[in-house]
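Everything below belongs to work_36.txt, which stores compact mmCIF, C-alpha atoms.
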# COMPACT_ATOMS: atom_id res chain seq x y z
CA MET A 1 9.85 -49.35 20.72
CA SER A 2 6.13 -48.60 20.69
CA HIS A 3 6.74 -45.43 22.75
CA PHE A 4 9.48 -44.34 20.32
CA ARG A 5 7.15 -44.79 17.35
CA LYS A 6 4.45 -42.75 19.03
CA GLU A 7 6.88 -39.92 19.69
CA GLU A 8 8.13 -40.16 16.12
CA LEU A 9 4.60 -39.83 14.73
CA ARG A 10 3.89 -36.91 17.07
CA ALA A 11 7.02 -35.13 15.79
CA HIS A 12 5.97 -35.90 12.20
CA ILE A 13 2.59 -34.26 12.85
CA GLN A 14 4.31 -31.23 14.35
CA ARG A 15 6.63 -30.86 11.35
CA ALA A 16 3.68 -30.94 8.97
CA ALA A 17 1.73 -28.54 11.17
CA ARG A 18 4.62 -26.09 11.34
CA GLU A 19 4.78 -25.97 7.53
CA VAL A 20 1.05 -25.43 7.15
CA PHE A 21 0.68 -22.87 9.96
CA SER A 22 3.70 -20.94 8.67
CA ALA A 23 2.23 -20.81 5.17
CA LYS A 24 -1.43 -20.15 5.97
CA GLY A 25 -1.48 -18.74 9.50
CA TYR A 26 -3.50 -20.04 12.43
CA ALA A 27 -6.94 -18.80 11.40
CA GLU A 28 -6.87 -20.22 7.87
CA THR A 29 -5.39 -23.61 8.78
CA LYS A 30 -7.66 -26.63 9.27
CA ILE A 31 -6.79 -29.91 10.92
CA SER A 32 -7.60 -31.57 7.59
CA ASP A 33 -4.90 -29.41 5.93
CA ILE A 34 -2.30 -30.68 8.39
CA ALA A 35 -3.49 -34.27 8.02
CA ARG A 36 -3.18 -33.98 4.24
CA ARG A 37 0.36 -32.61 4.53
CA ALA A 38 1.34 -35.36 6.99
CA GLU A 39 -0.43 -38.01 4.87
CA ILE A 40 -2.41 -39.31 7.81
CA SER A 41 -6.07 -39.13 8.81
CA PRO A 42 -7.40 -36.19 10.87
CA SER A 43 -8.45 -38.62 13.57
CA THR A 44 -4.80 -39.65 14.04
CA ILE A 45 -3.93 -36.05 14.95
CA TYR A 46 -6.58 -36.07 17.68
CA LEU A 47 -4.83 -39.03 19.29
CA TYR A 48 -1.92 -36.70 20.09
CA PHE A 49 -3.49 -33.24 20.34
CA SER A 50 -6.85 -32.14 21.72
CA GLY A 51 -7.40 -29.73 18.82
CA LYS A 52 -5.90 -27.11 16.53
CA ARG A 53 -5.09 -24.71 19.38
CA ASP A 54 -3.27 -27.42 21.36
CA LEU A 55 -1.22 -28.42 18.31
CA PHE A 56 -0.40 -24.80 17.45
CA ALA A 57 0.70 -24.07 21.03
CA SER A 58 3.13 -26.99 20.94
CA LEU A 59 5.06 -25.46 18.02
CA GLY A 60 6.26 -22.18 19.55
CA ILE A 61 5.55 -20.04 16.46
CA PRO A 62 3.32 -17.22 17.79
CA GLU A 63 4.16 -15.07 14.73
CA ALA A 64 1.96 -17.36 12.62
CA GLU A 65 -1.08 -16.29 14.70
CA GLU A 66 -1.48 -13.07 12.70
CA LYS A 67 -0.66 -14.49 9.29
CA ARG A 68 -3.73 -14.79 7.07
CA PRO A 69 -2.62 -14.83 3.40
CA GLU A 70 -5.96 -15.87 1.88
CA PHE A 71 -7.78 -13.35 4.02
CA GLN A 72 -5.41 -10.57 2.97
CA LYS A 73 -5.61 -11.64 -0.67
CA LYS A 74 -9.40 -11.42 -0.58
CA ARG A 75 -9.22 -7.99 1.10
CA GLN A 76 -6.98 -6.80 -1.73
CA GLU A 77 -9.38 -8.12 -4.35
CA ILE A 78 -12.32 -6.39 -2.67
CA ALA A 79 -10.35 -3.13 -2.40
CA GLN A 80 -9.54 -3.19 -6.13
CA LEU A 81 -13.24 -3.54 -6.93
CA ALA A 82 -14.15 -0.87 -4.40
CA LEU A 83 -11.65 1.60 -5.90
CA VAL A 84 -13.57 1.50 -9.19
CA ILE A 85 -17.00 1.73 -7.54
CA PHE A 86 -16.03 4.54 -5.17
CA GLY A 87 -14.49 6.38 -8.09
CA ARG A 88 -17.67 6.06 -10.13
CA LYS A 89 -20.27 6.70 -7.43
CA GLY A 90 -18.36 8.49 -4.66
CA PHE A 91 -18.31 7.52 -1.01
CA GLU A 92 -21.85 8.66 -0.26
CA GLY A 93 -23.31 7.10 -3.40
CA THR A 94 -21.71 3.72 -2.79
CA THR A 95 -23.26 1.09 -0.53
CA MET A 96 -21.72 -2.01 0.94
CA GLU A 97 -24.36 -3.92 -1.03
CA ASP A 98 -22.86 -2.49 -4.26
CA ILE A 99 -19.40 -3.73 -3.35
CA ALA A 100 -20.62 -7.10 -2.06
CA ALA A 101 -22.52 -7.68 -5.30
CA ALA A 102 -19.45 -6.81 -7.38
CA ALA A 103 -17.37 -9.21 -5.27
CA GLY A 104 -19.96 -11.95 -5.67
CA PHE A 105 -20.99 -12.53 -2.09
CA SER A 106 -23.40 -11.28 0.57
CA LYS A 107 -23.19 -8.03 2.51
CA ALA A 108 -22.74 -10.09 5.69
CA ALA A 109 -19.73 -11.82 4.14
CA LEU A 110 -18.23 -8.46 3.19
CA TYR A 111 -18.29 -7.39 6.84
CA GLN A 112 -15.96 -10.30 7.61
CA TYR A 113 -13.27 -8.40 5.69
CA TYR A 114 -14.11 -4.77 6.49
CA GLN A 115 -15.81 -3.43 9.60
CA SER A 116 -17.53 -0.54 7.81
CA LYS A 117 -17.69 1.42 4.58
CA GLU A 118 -15.30 3.98 6.10
CA ASP A 119 -12.84 1.22 6.94
CA LEU A 120 -12.97 -0.03 3.35
CA PHE A 121 -12.61 3.46 1.85
CA LEU A 122 -9.56 4.21 4.01
CA HIS A 123 -7.98 0.90 3.02
CA VAL A 124 -8.54 1.70 -0.67
CA LEU A 125 -6.98 5.11 -0.06
CA HIS A 126 -3.98 3.42 1.56
CA LEU A 127 -3.56 1.17 -1.48
CA TYR A 128 -3.84 4.20 -3.76
CA THR A 129 -1.11 6.13 -1.97
CA GLU A 130 1.07 3.05 -1.44
CA SER A 131 1.33 2.60 -5.20
CA LEU A 132 2.59 6.15 -5.82
CA PRO A 133 5.93 6.07 -7.67
CA LEU A 134 8.22 7.89 -5.24
CA LYS A 135 9.29 4.90 -3.18
CA VAL A 136 10.20 3.02 -6.35
CA GLU A 137 11.95 5.91 -8.04
CA ILE A 138 14.38 6.82 -5.27
CA ALA A 139 14.99 3.38 -3.76
CA GLY A 140 18.65 2.57 -4.16
CA GLU A 141 19.33 5.78 -6.07
CA GLU A 142 21.77 7.33 -3.60
CA SER A 143 24.56 7.34 -6.19
CA ALA A 144 22.39 8.47 -9.11
CA ASP A 145 22.26 11.98 -10.56
CA TRP A 146 19.64 13.70 -8.41
CA ARG A 147 18.55 15.76 -11.43
CA GLN A 148 17.61 12.65 -13.36
CA VAL A 149 15.78 11.20 -10.35
CA ILE A 150 13.64 14.34 -10.00
CA THR A 151 12.75 14.28 -13.69
CA ALA A 152 12.00 10.54 -13.67
CA LEU A 153 9.87 10.97 -10.55
CA ALA A 154 7.72 13.69 -12.11
CA HIS A 155 7.16 11.64 -15.26
CA SER A 156 6.28 8.57 -13.19
CA TYR A 157 3.68 10.57 -11.27
CA LEU A 158 2.14 11.69 -14.52
CA GLU A 159 2.00 8.12 -15.83
CA HIS A 160 0.38 7.02 -12.57
CA SER A 161 -2.24 9.74 -12.97
CA ARG A 162 -3.30 8.42 -16.38
CA ASP A 163 -5.06 5.42 -14.82
CA PRO A 164 -8.78 6.35 -15.17
CA ALA A 165 -9.92 4.28 -12.18
CA ARG A 166 -7.31 5.81 -9.87
CA ASN A 167 -8.11 9.30 -11.12
CA ALA A 168 -11.79 8.75 -10.49
CA PHE A 169 -11.04 7.54 -6.96
CA LEU A 170 -8.88 10.60 -6.25
CA GLY A 171 -11.78 12.73 -7.48
CA SER A 172 -14.00 10.93 -4.96
CA VAL A 173 -11.52 11.71 -2.17
CA LEU A 174 -11.55 15.38 -3.14
CA ARG A 175 -15.36 15.55 -3.24
CA ASP A 176 -16.04 13.59 -0.09
CA SER A 177 -13.33 15.19 2.05
CA THR A 178 -15.63 18.21 2.47
CA ARG A 179 -18.03 16.13 4.53
CA TYR A 180 -15.47 13.55 5.70
CA PRO A 181 -12.28 15.48 6.48
CA MET A 182 -10.62 12.28 7.72
CA PHE A 183 -10.33 11.25 4.06
CA GLY A 184 -8.54 14.48 3.19
CA ARG A 185 -6.21 14.13 6.17
CA ALA A 186 -5.40 10.53 5.27
CA TYR A 187 -4.65 11.50 1.67
CA TYR A 188 -2.41 14.36 2.79
CA GLU A 189 -0.51 12.25 5.32
CA GLN A 190 -0.08 9.18 3.14
CA SER A 191 0.48 10.95 -0.18
CA PHE A 192 1.76 14.52 -0.12
CA ARG A 193 3.40 14.57 3.30
CA SER A 194 5.07 11.16 3.00
CA THR A 195 6.31 12.04 -0.50
CA HIS A 196 7.66 15.36 0.74
CA SER A 197 9.49 13.65 3.62
CA ALA A 198 10.94 10.90 1.44
CA LEU A 199 12.20 13.29 -1.22
CA LEU A 200 13.77 15.49 1.44
CA ARG A 201 15.57 12.47 2.94
CA TYR A 202 16.89 11.62 -0.51
CA LEU A 203 18.09 15.15 -1.38
CA ARG A 204 19.61 16.23 1.95
CA PRO A 205 22.85 14.24 1.57
CA PHE A 206 23.42 15.97 -1.78
CA GLN A 207 22.96 19.33 -0.09
CA GLU A 208 25.33 18.37 2.71
CA SER A 209 27.98 17.33 0.17
CA GLY A 210 27.61 20.56 -1.82
CA SER A 211 26.02 18.92 -4.89
CA ILE A 212 22.94 21.00 -4.05
CA ARG A 213 23.18 24.61 -2.90
CA ARG A 214 23.61 24.81 0.85
CA ASP A 215 21.92 28.22 1.07
CA VAL A 216 18.51 27.17 -0.30
CA ASN A 217 15.53 26.20 1.84
CA LEU A 218 15.32 22.61 0.63
CA GLU A 219 12.12 21.86 2.53
CA MET A 220 10.28 24.78 0.93
CA SER A 221 11.74 24.06 -2.52
CA VAL A 222 10.49 20.46 -2.46
CA PHE A 223 7.14 21.59 -1.04
CA ASN A 224 6.62 24.05 -3.92
CA PHE A 225 7.64 21.45 -6.51
CA LEU A 226 5.26 18.78 -5.20
CA THR A 227 2.43 21.30 -4.80
CA ALA A 228 2.74 22.30 -8.45
CA LEU A 229 2.94 18.66 -9.58
CA THR A 230 -0.02 17.56 -7.44
CA GLY A 231 -2.09 20.59 -8.43
CA TYR A 232 -1.53 19.91 -12.13
CA ILE A 233 -2.59 16.26 -11.78
CA ILE A 234 -5.72 17.16 -9.82
CA LEU A 235 -6.67 19.98 -12.18
CA PHE A 236 -6.20 18.16 -15.47
CA HIS A 237 -6.64 14.49 -14.55
CA SER A 238 -8.98 14.20 -11.55
CA ILE A 239 -11.39 17.05 -12.27
CA GLN A 240 -13.50 16.44 -15.34
CA GLY A 241 -14.36 18.97 -18.06
CA ILE A 242 -11.23 21.14 -17.93
CA PRO A 243 -9.54 21.54 -21.33
CA MET A 244 -5.84 20.72 -21.51
CA GLU A 245 -4.27 24.07 -22.37
CA VAL A 246 -0.61 23.13 -22.07
CA ASP A 247 1.60 20.38 -23.42
CA GLU A 248 2.18 17.95 -20.54
CA ASP A 249 5.73 17.04 -21.44
CA ALA A 250 6.64 20.70 -21.81
CA TYR A 251 5.01 21.51 -18.46
CA LEU A 252 6.87 18.74 -16.66
CA GLN A 253 10.14 19.73 -18.26
CA GLU A 254 9.65 23.33 -17.18
CA LEU A 255 8.65 22.29 -13.65
CA CYS A 256 11.63 19.97 -13.20
CA GLN A 257 14.12 22.37 -14.71
CA GLY A 258 12.84 25.13 -12.43
CA LEU A 259 13.59 23.03 -9.33
CA ILE A 260 16.90 21.78 -10.70
CA HIS A 261 18.09 25.29 -11.61
CA HIS A 262 17.06 26.52 -8.15
CA LEU A 263 19.03 23.75 -6.41
CA GLU A 264 22.13 23.61 -8.58
CA PRO A 265 25.21 25.30 -7.12
CA GLN A 266 25.77 28.64 -8.78
CA SER A 267 29.06 29.66 -10.28
CA GLY A 268 31.37 30.92 -7.50
CA THR A 269 29.29 29.32 -4.67
CA ASP A 270 29.14 25.91 -3.00

Using structure tokens, write down the structure from this file.
Amino acid sequence: MSHFRKEELRAHIQRAAREVFSAKGYAETKISDIARRAEISPSTIYLYFSGKRDLFASLGIPEAEEKRPEFQKKRQEIAQLALVIFGRKGFEGTTMEDIAAAAGFSKAALYQYYQSKEDLFLHVLHLYTESLPLKVEIAGEESADWRQVITALAHSYLEHSRDPARNAFLGSVLRDSTRYPMFGRAYYEQSFRSTHSALLRYLRPFQESGSIRRDVNLEMSVFNFLTALTGYIILFHSIQGIPMEVDEDAYLQELCQGLIHHLEPQSGTD
């Protein structure tokens, strides 16, 4: 009976540990967290397991090793602060001390989340490009009118570009890519190139079905459209001091209609 109760308590500890490790990951879990979940004292856990590693190994959930929700949350918070600071001061003008001070902790603590200023800048750049509208606009839109999707996409990009902090950060990427070409390459790969590829994947089925002209160079058509859209945003939203000489809505309408007219099947053709 005594042996059964000991095994029962051991299993109870493991159930509590599984819940906590699955929620917080290995690194962010403490023995006291598991004890609290199991409603026992930490010392009771040490009667059955030599330590956190021994207990974790007994559960068979290696995927929880990499899970660090609080760590990732703090990285995101730091990146949001850094986006504003990099946008205001540029990569060269920003120090890790600036960002640590804004985050409210020491420079040494900041290095627990990012290995270097370059690492932090590239992570901010990833967050910037990850939030671009394309993935949202075309997700699940296979049955939608491709003309409406193109128009909605262009307008979403323009709305995205009206965020002053994000515009300032893009300006920093443009300035600093001269000396740090890795920033320019990362922006191209994660923003323009990924957008170009995703829009092509969305439009190709329409071309194959004849809803879009089969005789057009779709890759080049999408490239020209995105180049014009990106160039407009950089010229009038990221670079300061340039007067707005055209009506934005009229420009977008003209740009979208140009692509749509180019792709629409002509009378007497597929």

Notebook entry, point to check: Of the residues A:Glu245, A:Glu77, A:Asp98, A:Glu39, which is the one nearest to Leu127 (chain A), using all atoms listed in the file?
Noted result: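 Nearest to Leu127 (chain A): A:Glu77.
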
What box, with edges along x, y and z, holds each listed atom of region 146-159 of chain A when 8 Å is added on every side, and can you state its centre and edge lengths in Å to one decimal, as lines of an AutoDock Vina configuration file?
center_x = 10.8
center_y = 11.9
center_z = -12.1
size_x = 33.6
size_y = 23.6
size_z = 23.4

Fewer than 3 positions away in the same chain doesn't count, so skip those; otherwise give me all residues within 10 Å of Gln207 (chain A), counting all atoms listed in the file, as a PDB file with C-alpha atoms, in the coordinates of the input.
ATOM      1  CA  TYR A 202      16.890  11.620  -0.510  1.00  0.00           C
ATOM      2  CA  LEU A 203      18.090  15.150  -1.380  1.00  0.00           C
ATOM      3  CA  ARG A 204      19.610  16.230   1.950  1.00  0.00           C
ATOM      4  CA  GLY A 210      27.610  20.560  -1.820  1.00  0.00           C
ATOM      5  CA  SER A 211      26.020  18.920  -4.890  1.00  0.00           C
ATOM      6  CA  ILE A 212      22.940  21.000  -4.050  1.00  0.00           C
ATOM      7  CA  ARG A 213      23.180  24.610  -2.900  1.00  0.00           C
ATOM      8  CA  ARG A 214      23.610  24.810   0.850  1.00  0.00           C
ATOM      9  CA  ASP A 215      21.920  28.220   1.070  1.00  0.00           C
ATOM     10  CA  VAL A 216      18.510  27.170  -0.300  1.00  0.00           C
ATOM     11  CA  LEU A 218      15.320  22.610   0.630  1.00  0.00           C
ATOM     12  CA  LEU A 263      19.030  23.750  -6.410  1.00  0.00           C
ATOM     13  CA  GLU A 264      22.130  23.610  -8.580  1.00  0.00           C
ATOM     14  CA  PRO A 265      25.210  25.300  -7.120  1.00  0.00           C
ATOM     15  CA  ASP A 270      29.140  25.910  -3.000  1.00  0.00           C
TER      16      ASP A 270
END

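Among the candidate residues A:Met244, A:Leu226, A:Ile99, A:Ile13, the one lying nearest to Leu259 (chain A) is A:Leu226, with distances computed using only C-alpha atoms.
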
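Using all atoms listed in the file, the shortest contact distance between Ala186 (chain A) and any of A:Tyr128, A:Phe71, A:Phe105, A:Phe56 is found at A:Tyr128.
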
Notebook entry, point to check: Distance CA of Ile234 (chain A)-CA of Gly258 (chain A), one decimal place?
Noted result: 20.4 Å

Check: By how many Å are CA of Val20 (chain A) and CA of Asp33 (chain A) apart?
Finding: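 Straight-line distance from CA of Val20 (chain A) to CA of Asp33 (chain A) works out to 7.3 Å.
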
Margin query: If I take CA of Ser221 (chain A) and CA of Leu255 (chain A), how far is one from the other in Å, to one decimal?
Written below: 11.7 Å

Next item on the list: Might you pull out every residue within 7 Å of region 167-174 of chain A, with all atoms listed in the file counted and same-chain residues fewer than 4 positions away left off, and present them as a ChimeraX atom specification?
Entry: /A:83-84,86-88,90-91,161,163,183-184,237-239

For C-alpha atoms, I'd like the residues from the last selection saved as a PDB file, in the coordinates of the input.
ATOM      1  CA  LEU A  83     -11.650   1.600  -5.900  1.00  0.00           C
ATOM      2  CA  VAL A  84     -13.570   1.500  -9.190  1.00  0.00           C
ATOM      3  CA  PHE A  86     -16.030   4.540  -5.170  1.00  0.00           C
ATOM      4  CA  GLY A  87     -14.490   6.380  -8.090  1.00  0.00           C
ATOM      5  CA  ARG A  88     -17.670   6.060 -10.130  1.00  0.00           C
ATOM      6  CA  GLY A  90     -18.360   8.490  -4.660  1.00  0.00           C
ATOM      7  CA  PHE A  91     -18.310   7.520  -1.010  1.00  0.00           C
ATOM      8  CA  SER A 161      -2.240   9.740 -12.970  1.00  0.00           C
ATOM      9  CA  ASP A 163      -5.060   5.420 -14.820  1.00  0.00           C
ATOM     10  CA  PHE A 183     -10.330  11.250   4.060  1.00  0.00           C
ATOM     11  CA  GLY A 184      -8.540  14.480   3.190  1.00  0.00           C
ATOM     12  CA  HIS A 237      -6.640  14.490 -14.550  1.00  0.00           C
ATOM     13  CA  SER A 238      -8.980  14.200 -11.550  1.00  0.00           C
ATOM     14  CA  ILE A 239     -11.390  17.050 -12.270  1.00  0.00           C
TER      15      ILE A 239
END

Margin query: Between A:Leu229, A:Ser197, A:Lys117, A:Thr44, which residue has the minimum interatomic distance to Tyr157 (chain A), considering only C-alpha atoms?
Written below: A:Leu229

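Of the listed residues A:Ser194, A:Gly25, A:Met96, A:Leu199, the one whose atoms come nearest to Val149 (chain A) is A:Leu199, with distances taken using all atoms listed in the file.
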
Check: Pick from A:Ala250, A:Pro62, A:Ala101, A:Arg10: nearest to Tyr46 (chain A), with only C-alpha atoms counted?
Finding: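 Between A:Ala250, A:Pro62, A:Ala101, A:Arg10, the residue approaching Tyr46 (chain A) most closely is A:Arg10.
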
Margin query: With all atoms listed in the file as the counted atoms, please give the residues lying no more than 12 Å from Ala100 (chain A), apart from itself and same-chain residues fewer than 4 positions off, as a list of chain:residue names.
Written below: A:Arg75, A:Glu77, A:Ile78, A:Ala79, A:Leu81, A:Ala82, A:Ile85, A:Thr94, A:Thr95, A:Met96, A:Gly104, A:Phe105, A:Ser106, A:Lys107, A:Ala108, A:Ala109, A:Leu110, A:Tyr111, A:Gln112, A:Tyr113, A:Tyr114, A:Lys117, A:Leu120

Show me, as a PDB file with C-alpha atoms, keeping the file's coordinate frame, the residues that have an atom within 12 Å of Glu19 (chain A) when counting all atoms listed in the file, minus same-chain residues fewer than 2 positions from it.
ATOM      1  CA  HIS A  12       5.970 -35.900  12.200  1.00  0.00           C
ATOM      2  CA  ILE A  13       2.590 -34.260  12.850  1.00  0.00           C
ATOM      3  CA  GLN A  14       4.310 -31.230  14.350  1.00  0.00           C
ATOM      4  CA  ARG A  15       6.630 -30.860  11.350  1.00  0.00           C
ATOM      5  CA  ALA A  16       3.680 -30.940   8.970  1.00  0.00           C
ATOM      6  CA  ALA A  17       1.730 -28.540  11.170  1.00  0.00           C
ATOM      7  CA  PHE A  21       0.680 -22.870   9.960  1.00  0.00           C
ATOM      8  CA  SER A  22       3.700 -20.940   8.670  1.00  0.00           C
ATOM      9  CA  ALA A  23       2.230 -20.810   5.170  1.00  0.00           C
ATOM     10  CA  LYS A  24      -1.430 -20.150   5.970  1.00  0.00           C
ATOM     11  CA  GLY A  25      -1.480 -18.740   9.500  1.00  0.00           C
ATOM     12  CA  TYR A  26      -3.500 -20.040  12.430  1.00  0.00           C
ATOM     13  CA  THR A  29      -5.390 -23.610   8.780  1.00  0.00           C
ATOM     14  CA  ASP A  33      -4.900 -29.410   5.930  1.00  0.00           C
ATOM     15  CA  ILE A  34      -2.300 -30.680   8.390  1.00  0.00           C
ATOM     16  CA  ALA A  35      -3.490 -34.270   8.020  1.00  0.00           C
ATOM     17  CA  ARG A  36      -3.180 -33.980   4.240  1.00  0.00           C
ATOM     18  CA  ARG A  37       0.360 -32.610   4.530  1.00  0.00           C
ATOM     19  CA  ALA A  38       1.340 -35.360   6.990  1.00  0.00           C
ATOM     20  CA  PHE A  56      -0.400 -24.800  17.450  1.00  0.00           C
ATOM     21  CA  LEU A  59       5.060 -25.460  18.020  1.00  0.00           C
ATOM     22  CA  ILE A  61       5.550 -20.040  16.460  1.00  0.00           C
ATOM     23  CA  ALA A  64       1.960 -17.360  12.620  1.00  0.00           C
TER      24      ALA A  64
END

Check: Which polymer residues, protein or nucleic acid, are no farther than 10 Å from (10.7, 15.8, -11.7), counting only C-alpha atoms, as a PyMOL selection string?
Finding: chain A and resi 146-158+225-226+229+252-260

Notebook entry, point to check: Which polymer residues have any atom within 8 Å of an atom of Ala27 (chain A), counting all atoms listed in the file, with same-chain residues fewer than 5 positions away left out, as an MDAnalysis selection string?
Noted result: chainID A and resid 65 67:68
